[in-house]
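S.K.: The structure is given below, and queries will be raised subsequently.
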There are 2 protein chains.
Amino acid sequence: MELAQEINNRVEAIEAVIRRYLPREEGYQKTVIEAMNYSVLAGGKRLRPMLMQETYRLFGGRSEVIEPFMAAIEMIHTYSLVHDDLPAMDNDEYRRGRKTTHIVYGEAMGILAGDGLLNYAFETALKAFELEPENGNIPKALKLLAGKAGIHGMIGGQTVDVEYAGKTLSEERLDFIYRLKTSALLEASMLIGAVLAGATRNEQRLIEQAASELGLAFQIQDDILDVTGTQETLGKPVGSDEKNQKTTYVTLKGIDRARQDVADLSRRAVERLEGLVVKNEFLIRLMLYLIQREK
Amino acid sequence: MELAQEINNRVEAIEAVIRRYLPREEGYQKTVIEAMNYSVLAGGKRLRPMLMQETYRLFGGRSEVIEPFMAAIEMIHTYSLVHDDLPAMDNDEYRRGRKTTHIVYGEAMGILAGDGLLNYAFETALKAFELEPENGNIPKALKLLAGKAGIHGMIGGQTVDVEYAGKTLSEERLDFIYRLKTSALLEASMLIGAVLAGATRNEQRLIEQAASELGLAFQIQDDILDVTGTQETLGKPVGSDEKNQKTTYVTLKGIDRARQDVADLSRRAVERLEGLVVKNEFLIRLMLYLIQREK
């Protein structure tokens, strides 16, 4: 089967899981729930739950205990976009061709829908205890979810990005932002899959490194596409980084070095997975596809 | 000892617990952590962790496993205030005589500090597993924390309050807002204390009802004080509800009925606790003090 088709099939199956865990739009607080679900169902590649599920499968995981975590990580990713789009942050009116949450529901409801999603992510992940009360790996998976999403993970990267908007960034600080803002949730996704499937500590360490490299390569590729892509293939304005005088990997190191680093990072990430006794060919192809994408 | 003095002593001990669980102000993301800690250390009665600790003691709880939950509930309470104060919400520049978080750190950082606190609340509560890995009550306590803080708890009440700002509220809807916005976190506080101390299901139900009545009485007393208090005793402008044409318990039912209901609710809440085999006199006195306060 074509990889793109295979990915689409998996996206559909993941959508079904996510929908099952979304809150019902009822009660006096119906509006905020509608706003939350509107945000989650705005589309997207469902990359994080997909990586989580495939890493879980890689290490032999077969139970539905992974599903609440798949839904939870997508809720966390979504809330971060909802808050990111707010007027005080990036002030975006559109995302993936749809109006952003605060444009449709108002700014106050946008803030509350984001809060609601972050909180509901933990409510959802905690449902794993109902599925498998005796599963001793759930506390560690919860800890990873919370840790990688918070101030020492995604929020931490986000705040430095906000604080240094319009200022020149050192390579060290840019690396910090990329590792936290982008890689941290990918690390959580793959690590939670590994932990819940019972991977060894060594395997967990290796997966975390591969996810970190994947995130970094993904983000650098984003910078490259902003320079080399066309509005037609990307579906969004190109050259926005230059226009916003934004420090990126490309402005710091040049396009050739950026391309070389993407190649090196992806090779390293894939080699880590290929060095494992167990294999998941789809996961490797997915990772390469994400890094080498042209849009 | 005077009750006020006894409360003050406990507040000091609780502050020490909270401080121990606050994140260290270091790393590139230092600013958001400073904003979070600024918000948490802005003072306040520490009512929720106090009720949690006293209910835990009531049912014989003696371990430090309660402490991460005490810190977590205060972080959740604080994040809700930080987001509440934002320009798109209540647009408040001062709280307890100090500048609000977004005034000091900017609006973007205010949003992120709130997100950071909500997320860190779960990171913190999850530390209970490190203290007592085999404690089978922790998952239930986590579920209560998340459930009562979310769209079927505090956030739910908050969104209806925002949605109906400036509109006339039915008694039913006002009751919904009070039960969710105010009572839900008090229920979480007392229930988590009961659950972690190993209270029976019946005892848990009784505690939840008492907490719900306490929250409702507390909120109605707030409405009464807005009419009968003076700026001097309250330390904030009075008559603000009337000025904002806000539907309150007093505008719906009149001041006499409101006073009667506060008396009835507090009597019922106290009777529930007095009916228990175990006793915590301080907890009962604390509840009465909170309800019957004149400021």
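If you're wondering about the labels, chains in the structure tokens are A, B, ... by order shown, residues count from 1 in each chain, ligands from 1 in order shown.
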Using only C-alpha atoms, tabulate the residues of chain A lying at most 7 Å from any atom of chain B, each with its closest atom pair and that distance in Å to one decimal, by chain and increasing residue number, as a Markdown table.
M.R.:
```
| residue | atom | partner | partner_atom | distance |
| --- | --- | --- | --- | --- |
| A:Tyr28 | CA | B:Val160 | CA | 6.7 |
| A:Gln29 | CA | B:Gly156 | CA | 5.3 |
| A:Val32 | CA | B:Thr159 | CA | 6.6 |
| A:Ala88 | CA | B:Ala108 | CA | 5.3 |
| A:Met89 | CA | B:Ala108 | CA | 5.6 |
| A:Glu107 | CA | B:Ala88 | CA | 6.0 |
| A:Ala108 | CA | B:Ala88 | CA | 5.3 |
| A:Leu112 | CA | B:Thr159 | CA | 6.9 |
| A:Gly116 | CA | B:Ile151 | CA | 5.9 |
| A:Asn119 | CA | B:Gly150 | CA | 5.7 |
| A:Tyr120 | CA | B:Gly150 | CA | 6.5 |
| A:Phe122 | CA | B:Ala146 | CA | 6.6 |
| A:Glu123 | CA | B:Ala146 | CA | 5.5 |
| A:Leu126 | CA | B:Lys143 | CA | 6.5 |
| A:Lys143 | CA | B:Leu126 | CA | 6.5 |
| A:Ala146 | CA | B:Glu123 | CA | 5.5 |
| A:Gly147 | CA | B:Glu123 | CA | 6.3 |
| A:Gly150 | CA | B:Asn119 | CA | 5.7 |
| A:Ile151 | CA | B:Gly116 | CA | 5.9 |
| A:Ile155 | CA | B:Gly116 | CA | 6.6 |
| A:Gly156 | CA | B:Gln29 | CA | 5.3 |
| A:Thr159 | CA | B:Gln29 | CA | 6.4 |
| A:Val160 | CA | B:Gln29 | CA | 5.7 |
```
S.K.: Please return, as a ChimeraX atom specification, all residues of region 45-261 of chain A that DSSP assigns to strand (DSSP E) on the basis of the backbone.
M.R.: /A:94-95,98-99
S.K.: When you count only C-alpha atoms, which of these residues is closest to Leu131 (chain B): B:Gln292, B:Ser39, B:Ser63, B:Gln221?
M.R.: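 The closest residue to Leu131 (chain B) is B:Ser63.
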S.K.: Excluding Lys246 (chain B) and any residue of its chain fewer than 3 positions from it, enumerate the residues within 10 Å of it, using only C-alpha atoms, and give them as a list of chain:residue names.
M.R.: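 Residues meeting the cut-off are B:Tyr164, B:Ala165, B:Gly166, B:Lys167, B:Thr168, B:Leu169, B:Ser240, B:Asp241, B:Glu242, B:Lys243, B:Tyr249, B:Thr251.
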S.K.: Please produce a file of those selected residues containing C-alpha atoms, as a compact mmCIF listing (two decimals), in the first residue's frame.
M.R.:
```txt
# COMPACT_ATOMS: atom_id res chain seq x y z
CA TYR B 164 -24.43 35.12 30.92
CA ALA B 165 -22.56 38.22 32.07
CA GLY B 166 -24.96 41.15 31.91
CA LYS B 167 -27.99 38.90 31.28
CA THR B 168 -30.68 38.00 33.77
CA LEU B 169 -30.11 34.58 35.29
CA SER B 240 -20.45 46.25 42.65
CA ASP B 241 -23.06 43.60 41.85
CA GLU B 242 -25.84 46.19 41.67
CA LYS B 243 -23.64 48.52 39.64
CA TYR B 249 -28.76 35.32 45.17
CA THR B 251 -31.31 40.15 43.81
```
S.K.: Please provide as a list in words all residues within 9 Å of Ala71 (chain B), with the sequence filter that same-chain residues fewer than 5 positions apart are discarded (counting only C-alpha atoms).
M.R.: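 Those residues are Ile14, Glu15, Val17, Ile18, Arg19, Arg20, Tyr21, Leu22, Pro49, Ile66, Ile76, Ala121, Thr124 and Ala125 of chain B.
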S.K.: With only C-alpha atoms as the counted atoms, please give the residues lying no more than 10 Å from Arg95 (chain B), apart from itself and same-chain residues fewer than 4 positions off, as an MDAnalysis selection string.
M.R.: chainID B and resid 39 42:44 81:82 85 99:101 236
S.K.: Mind checking which residues fall within 12 Å of Gly193 (chain B), counting only C-alpha atoms, ignoring those fewer than 6 positions away in the same chain, and posting them as a VMD selection string?
M.R.: chain B and resid 48 to 70 73 137 to 138 140 to 142 144 to 145 186 to 187 199 203 to 204 207 to 208 211
S.K.: Keeping only N, CA and C atoms, write the selected residues to a file as a JSON list (two decimals), in the first residue's frame.
M.R.:
```json
[["chain", "number", "residue", "atom", "x", "y", "z"],
["B", 48, "ARG", "N", -8.60, 26.16, 50.50],
["B", 48, "ARG", "CA", -8.78, 24.82, 49.91],
["B", 48, "ARG", "C", -7.79, 23.80, 50.48],
["B", 49, "PRO", "N", -6.47, 24.12, 50.49],
["B", 49, "PRO", "CA", -5.57, 23.15, 51.13],
["B", 49, "PRO", "C", -5.88, 22.95, 52.63],
["B", 50, "MET", "N", -6.37, 24.02, 53.29],
["B", 50, "MET", "CA", -6.69, 23.86, 54.72],
["B", 50, "MET", "C", -7.85, 22.90, 54.92],
["B", 51, "LEU", "N", -8.90, 23.06, 54.12],
["B", 51, "LEU", "CA", -10.04, 22.15, 54.23],
["B", 51, "LEU", "C", -9.60, 20.72, 53.88],
["B", 52, "MET", "N", -8.72, 20.60, 52.89],
["B", 52, "MET", "CA", -8.24, 19.27, 52.50],
["B", 52, "MET", "C", -7.50, 18.60, 53.64],
["B", 53, "GLN", "N", -6.57, 19.36, 54.22],
["B", 53, "GLN", "CA", -5.75, 18.81, 55.30],
["B", 53, "GLN", "C", -6.60, 18.45, 56.52],
["B", 54, "GLU", "N", -7.55, 19.31, 56.85],
["B", 54, "GLU", "CA", -8.37, 19.05, 58.04],
["B", 54, "GLU", "C", -9.31, 17.87, 57.83],
["B", 55, "THR", "N", -9.80, 17.70, 56.60],
["B", 55, "THR", "CA", -10.66, 16.54, 56.34],
["B", 55, "THR", "C", -9.83, 15.26, 56.35],
["B", 56, "TYR", "N", -8.61, 15.38, 55.84],
["B", 56, "TYR", "CA", -7.67, 14.23, 55.89],
["B", 56, "TYR", "C", -7.43, 13.84, 57.34],
["B", 57, "ARG", "N", -7.19, 14.84, 58.19],
["B", 57, "ARG", "CA", -6.96, 14.56, 59.61],
["B", 57, "ARG", "C", -8.20, 13.98, 60.28],
["B", 58, "LEU", "N", -9.35, 14.52, 59.89],
["B", 58, "LEU", "CA", -10.62, 14.06, 60.46],
["B", 58, "LEU", "C", -10.75, 12.54, 60.35],
["B", 59, "PHE", "N", -10.35, 12.01, 59.19],
["B", 59, "PHE", "CA", -10.49, 10.56, 58.99],
["B", 59, "PHE", "C", -9.21, 9.80, 59.32],
["B", 60, "GLY", "N", -8.34, 10.45, 60.08],
["B", 60, "GLY", "CA", -7.17, 9.73, 60.61],
["B", 60, "GLY", "C", -5.95, 9.75, 59.71],
["B", 61, "GLY", "N", -5.97, 10.55, 58.65],
["B", 61, "GLY", "CA", -4.81, 10.60, 57.76],
["B", 61, "GLY", "C", -3.61, 11.21, 58.46],
["B", 62, "ARG", "N", -2.43, 10.61, 58.27],
["B", 62, "ARG", "CA", -1.24, 11.09, 58.97],
["B", 62, "ARG", "C", -0.01, 11.19, 58.08],
["B", 63, "SER", "N", -0.12, 10.85, 56.81],
["B", 63, "SER", "CA", 1.11, 10.83, 56.00],
["B", 63, "SER", "C", 1.23, 12.10, 55.18],
["B", 64, "GLU", "N", 2.42, 12.28, 54.59],
["B", 64, "GLU", "CA", 2.66, 13.47, 53.78],
["B", 64, "GLU", "C", 2.10, 13.33, 52.37],
["B", 65, "VAL", "N", 1.44, 12.21, 52.08],
["B", 65, "VAL", "CA", 0.89, 12.00, 50.74],
["B", 65, "VAL", "C", -0.15, 13.06, 50.39],
["B", 66, "ILE", "N", -0.72, 13.68, 51.41],
["B", 66, "ILE", "CA", -1.73, 14.73, 51.18],
["B", 66, "ILE", "C", -1.07, 16.02, 50.64],
["B", 67, "GLU", "N", 0.20, 16.21, 50.94],
["B", 67, "GLU", "CA", 0.84, 17.50, 50.65],
["B", 67, "GLU", "C", 0.90, 17.88, 49.17],
["B", 68, "PRO", "N", 1.32, 16.97, 48.27],
["B", 68, "PRO", "CA", 1.28, 17.37, 46.85],
["B", 68, "PRO", "C", -0.12, 17.75, 46.39],
["B", 69, "PHE", "N", -1.13, 17.12, 46.94],
["B", 69, "PHE", "CA", -2.50, 17.49, 46.56],
["B", 69, "PHE", "C", -2.89, 18.86, 47.13],
["B", 70, "MET", "N", -2.40, 19.17, 48.33],
["B", 70, "MET", "CA", -2.66, 20.50, 48.91],
["B", 70, "MET", "C", -2.07, 21.60, 48.02],
["B", 73, "ILE", "N", -4.09, 21.79, 44.54],
["B", 73, "ILE", "CA", -5.41, 22.45, 44.51],
["B", 73, "ILE", "C", -5.24, 23.96, 44.59],
["B", 137, "ASN", "N", -5.39, 4.64, 46.74],
["B", 137, "ASN", "CA", -6.36, 5.74, 46.72],
["B", 137, "ASN", "C", -5.93, 6.92, 45.86],
["B", 138, "ILE", "N", -4.66, 6.93, 45.44],
["B", 138, "ILE", "CA", -4.15, 8.08, 44.67],
["B", 138, "ILE", "C", -4.89, 8.25, 43.33],
["B", 140, "LYS", "N", -7.93, 7.65, 42.54],
["B", 140, "LYS", "CA", -9.24, 8.26, 42.78],
["B", 140, "LYS", "C", -9.08, 9.74, 43.15],
["B", 141, "ALA", "N", -8.08, 10.04, 43.96],
["B", 141, "ALA", "CA", -7.84, 11.44, 44.34],
["B", 141, "ALA", "C", -7.50, 12.28, 43.11],
["B", 142, "LEU", "N", -6.69, 11.73, 42.21],
["B", 142, "LEU", "CA", -6.34, 12.44, 40.97],
["B", 142, "LEU", "C", -7.58, 12.67, 40.11],
["B", 144, "LEU", "N", -10.64, 12.94, 41.13],
["B", 144, "LEU", "CA", -11.45, 13.99, 41.75],
["B", 144, "LEU", "C", -10.88, 15.37, 41.44],
["B", 145, "LEU", "N", -9.57, 15.48, 41.56],
["B", 145, "LEU", "CA", -8.91, 16.77, 41.30],
["B", 145, "LEU", "C", -9.23, 17.24, 39.88],
["B", 186, "LEU", "N", -14.15, 23.21, 46.41],
["B", 186, "LEU", "CA", -14.23, 22.90, 47.84],
["B", 186, "LEU", "C", -14.57, 21.42, 48.03],
["B", 187, "GLU", "N", -15.46, 20.92, 47.16],
["B", 187, "GLU", "CA", -15.77, 19.48, 47.21],
["B", 187, "GLU", "C", -14.52, 18.66, 46.92],
["B", 199, "ALA", "N", -11.55, 7.15, 53.97],
["B", 199, "ALA", "CA", -12.94, 7.25, 54.42],
["B", 199, "ALA", "C", -13.82, 6.29, 53.61],
["B", 203, "GLU", "N", -19.10, 7.98, 54.08],
["B", 203, "GLU", "CA", -18.45, 9.18, 54.63],
["B", 203, "GLU", "C", -18.08, 10.15, 53.51],
["B", 204, "GLN", "N", -17.61, 9.60, 52.38],
["B", 204, "GLN", "CA", -17.25, 10.46, 51.24],
["B", 204, "GLN", "C", -18.47, 11.22, 50.75],
["B", 207, "ILE", "N", -19.29, 14.02, 53.12],
["B", 207, "ILE", "CA", -18.31, 15.10, 53.03],
["B", 207, "ILE", "C", -18.57, 15.94, 51.77],
["B", 208, "GLU", "N", -18.90, 15.26, 50.68],
["B", 208, "GLU", "CA", -19.16, 15.98, 49.43],
["B", 208, "GLU", "C", -20.37, 16.92, 49.61],
["B", 211, "ALA", "N", -19.41, 19.88, 51.79],
["B", 211, "ALA", "CA", -18.57, 20.83, 51.05],
["B", 211, "ALA", "C", -19.41, 21.63, 50.07]]
```
S.K.: With distances taken over only C-alpha atoms, which of B:Gln245, B:Ser212, B:Thr78, B:Gln260 is nearest to Met287 (chain B)?
M.R.: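 Answer, going by the shortest atom-to-atom distance: B:Ser212.
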S.K.: Nearest to Leu283 (chain A) among A:Arg257, A:His102, A:Ala210, A:Ile220, with distances taken over only C-alpha atoms: which residue is it?
M.R.: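 Using only C-alpha atoms, Leu283 (chain A) sits closest to A:Ala210.
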